[in-house]
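A.B. asks: I'd like to ask you about the structure that follows.
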Amino acid sequence: MGKNTVSRRIADFISKGVFADFIKGLQVTFGYNLTMHITIKYPDQEKWIPYSRFRGLHTLNKDEQGRELCVACELCSKACPTGCITVIPMEDDTGRGISDRVARVWKVDLVRCLFCGYCEDACPTRAIRLGREYELACTDLSCTKKERPELLKPQSIPEAITGGVVAKARFIKGEEGIRVEADLGKTRKMRW
């Protein structure tokens with residue numbers, strides 16, 4: 001037996017006797033306990049503002065004159081892998097042709113939607129966009145089917161806010177019930 005193997009056996013005995021691995025593991029645990037917490041107090045006090053690339057509830061865009069950008073070409077419904085988008089085209093009252101076409105029916109079934117963004121990519125006029133609304137839970141299936149009037153409403157998070165922040169929350173009581181809205185004047189950056 002060499003001197004090297006004896007010293008290795010003694011080191012192994014000391015490390016097992018003093019639980020060196022256990023103490024190293026506890027160092028990691030205590031290190032996390034002493035750092036800043038990243039838990040968000042949602043929905044009572046805080047609400048997360050997602051990044052601008054987040055894919056949430058669909059919105060239909062309008063131009064500067066307030067007209068719908070959708071020309072009812074149905075490319076979004078054809079590009080959708082789950083078939084959750086229904087578009088039925090209609091020409092407007094003047095009947096002037098394809099540039100004045102609008103959708104008579106524009107529906108999306110949120111239960112079937114994957115939020116993949118294919119509809120957004122397929123749209124030639126940039127009429128459809130996946131917004132940053134992520135609170136889509138409801139108590140019955142009737143609220144999971146969104147139609148054109150609902151999708152034409154502007155989103156509550158403006159484009160100027162890049163996202164990745166936590167804002168103070170406030171409760172708004174409306175016709176649909178109570179919803180949480182972010183106070184965009186009071187935000188703080190999160191360190192994920």
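Labeling convention for the structure tokens: chains A, B, ... as they appear, residues from 1 per chain, ligands from 1 in order of appearance.
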Find the residues around Pro158 in chain A up to 10 Å (only C-alpha atoms counted), leave out those fewer than 3 positions away in its own chain, and share them as a PyMOL selection string.
C.D. replies: chain A and resi 52+132+154-155+161-163+184
A.B. asks: Report as CSV: every residue of range 45-150 of chain A with an atom at most 12 Å from range 19-39 of chain A, its closest pair of atoms, and their distance in Å to one decimal, counting only C-alpha atoms, with rows sorted by chain and ascending residue number.
C.D. replies:
```
residue,atom,partner,partner_atom,distance
A:Gln45,CA,A:Thr39,CA,11.5
A:Glu46,CA,A:Thr39,CA,10.0
A:Lys47,CA,A:Thr39,CA,11.2
A:Trp48,CA,A:Thr39,CA,10.9
```
A.B. asks: Next, the residues of the selection above should be written as a PDB file, in the first residue's frame with C-alpha atoms.
C.D. replies:
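So the final result, stored in result-v8.pdb, reads:
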```pdb
ATOM      1  CA  GLN A  45     -51.311  42.786  -5.964  1.00  0.00           C
ATOM      2  CA  GLU A  46     -49.368  42.324  -9.201  1.00  0.00           C
ATOM      3  CA  LYS A  47     -49.851  41.391 -12.847  1.00  0.00           C
ATOM      4  CA  TRP A  48     -47.197  40.321 -15.357  1.00  0.00           C
TER       5      TRP A  48
END
```
A.B. asks: Measuring atom to atom with only C-alpha atoms, identify which of A:Leu141, A:Ile10, A:Val87, A:Leu57 is nearest to Trp106 in chain A.
C.D. replies: A:Val87
A.B. asks: Report the residues of range 12-141 of chain A whose backbone DSSP state falls under alpha helix (DSSP H), written as a VMD selection string.
C.D. replies: chain A and resid 12 to 18 20 to 33 75 to 79 118 to 122
A.B. asks: Ranking A:Ile40, A:Cys119, A:Ile49, A:Leu110 by minimum distance to Ile157 in chain A and counting only C-alpha atoms, which one comes first?
C.D. replies: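 Answer, going by the shortest atom-to-atom distance: A:Ile49.
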A.B. asks: Select, from A:Ser7, A:Thr187, A:Thr82, A:Ser156, the residue with the minimum atom-to-atom distance to Tyr134 in chain A, counting only C-alpha atoms.
C.D. replies: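 Of all the options, A:Ser156 lies closest to Tyr134 in chain A.
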A.B. asks: I want to know what sits within 10 Å of Gly83 in chain A, based on only C-alpha atoms, with residues of the same chain fewer than 6 positions away left out; could you give that as a PyMOL selection string?
C.D. replies: chain A and resi 76-77+108-109+112-113
A.B. asks: Go ahead and compute the interatomic distance for CA of Glu64 in chain A and CA of Val180 in chain A, in Å to one decimal.
C.D. replies: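 Between CA of Glu64 in chain A and CA of Val180 in chain A the gap works out to 29.4 Å.
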A.B. asks: Quote the spacing between CA of Gly185 in chain A and CA of Glu133 in chain A in Å to one decimal place.
C.D. replies: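 Rounded to one decimal, the two atoms are 18.2 Å apart.
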A.B. asks: Taking 6 positions as the minimum chain separation for residues in the same chain, which residues sit within 9 Å of Arg179 in chain A when counting only C-alpha atoms? Answer as a list of chain:residue names.
C.D. replies: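 Here the answer would be A:Glu135, A:Arg170, A:Phe171, A:Ile172, A:Lys173.
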A.B. asks: How would you write, as a PyMOL selection string, the set of residues in range 22-173 of chain A that DSSP gives as strand (DSSP E or B)?
C.D. replies: chain A and resi 46-49+58-60+62+68+85-91+101-109+128-130+145-147+165-173
A.B. asks: Residues within 12 Å of Thr125 in chain A, please, as a PyMOL selection string. Count only C-alpha atoms; anything in the same chain fewer than 5 positions from it doesn't count.
C.D. replies: chain A and resi 60-63+68-76+99+119-120
A.B. asks: So how far away is CA of Phe54 in chain A from CA of Gly177 in chain A, in Å?
C.D. replies: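 Going from CA of Gly177 in chain A over to CA of Phe54 in chain A covers 25.1 Å.
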A.B. asks: Would you mind telling me which residue in A:Val6, A:Cys84, A:Ala182, A:Ala103 lies nearest to Val165 in chain A when using only C-alpha atoms?
C.D. replies: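 Of the candidates, the smallest distance to Val165 in chain A is held by A:Ala182.
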A.B. asks: Show which residues sit within 9 Å of Pro81 in chain A, as a PyMOL selection string. Count only C-alpha atoms, and ignore same-chain residues fewer than 6 positions away.
C.D. replies: chain A and resi 113-114+116+118
A.B. asks: Could you check the closest approach to Gly131 in chain A for each of A:Ala167, A:Arg67, A:Glu150, A:Arg55 and tell me which residue wins, using only C-alpha atoms?
C.D. replies: A:Arg55
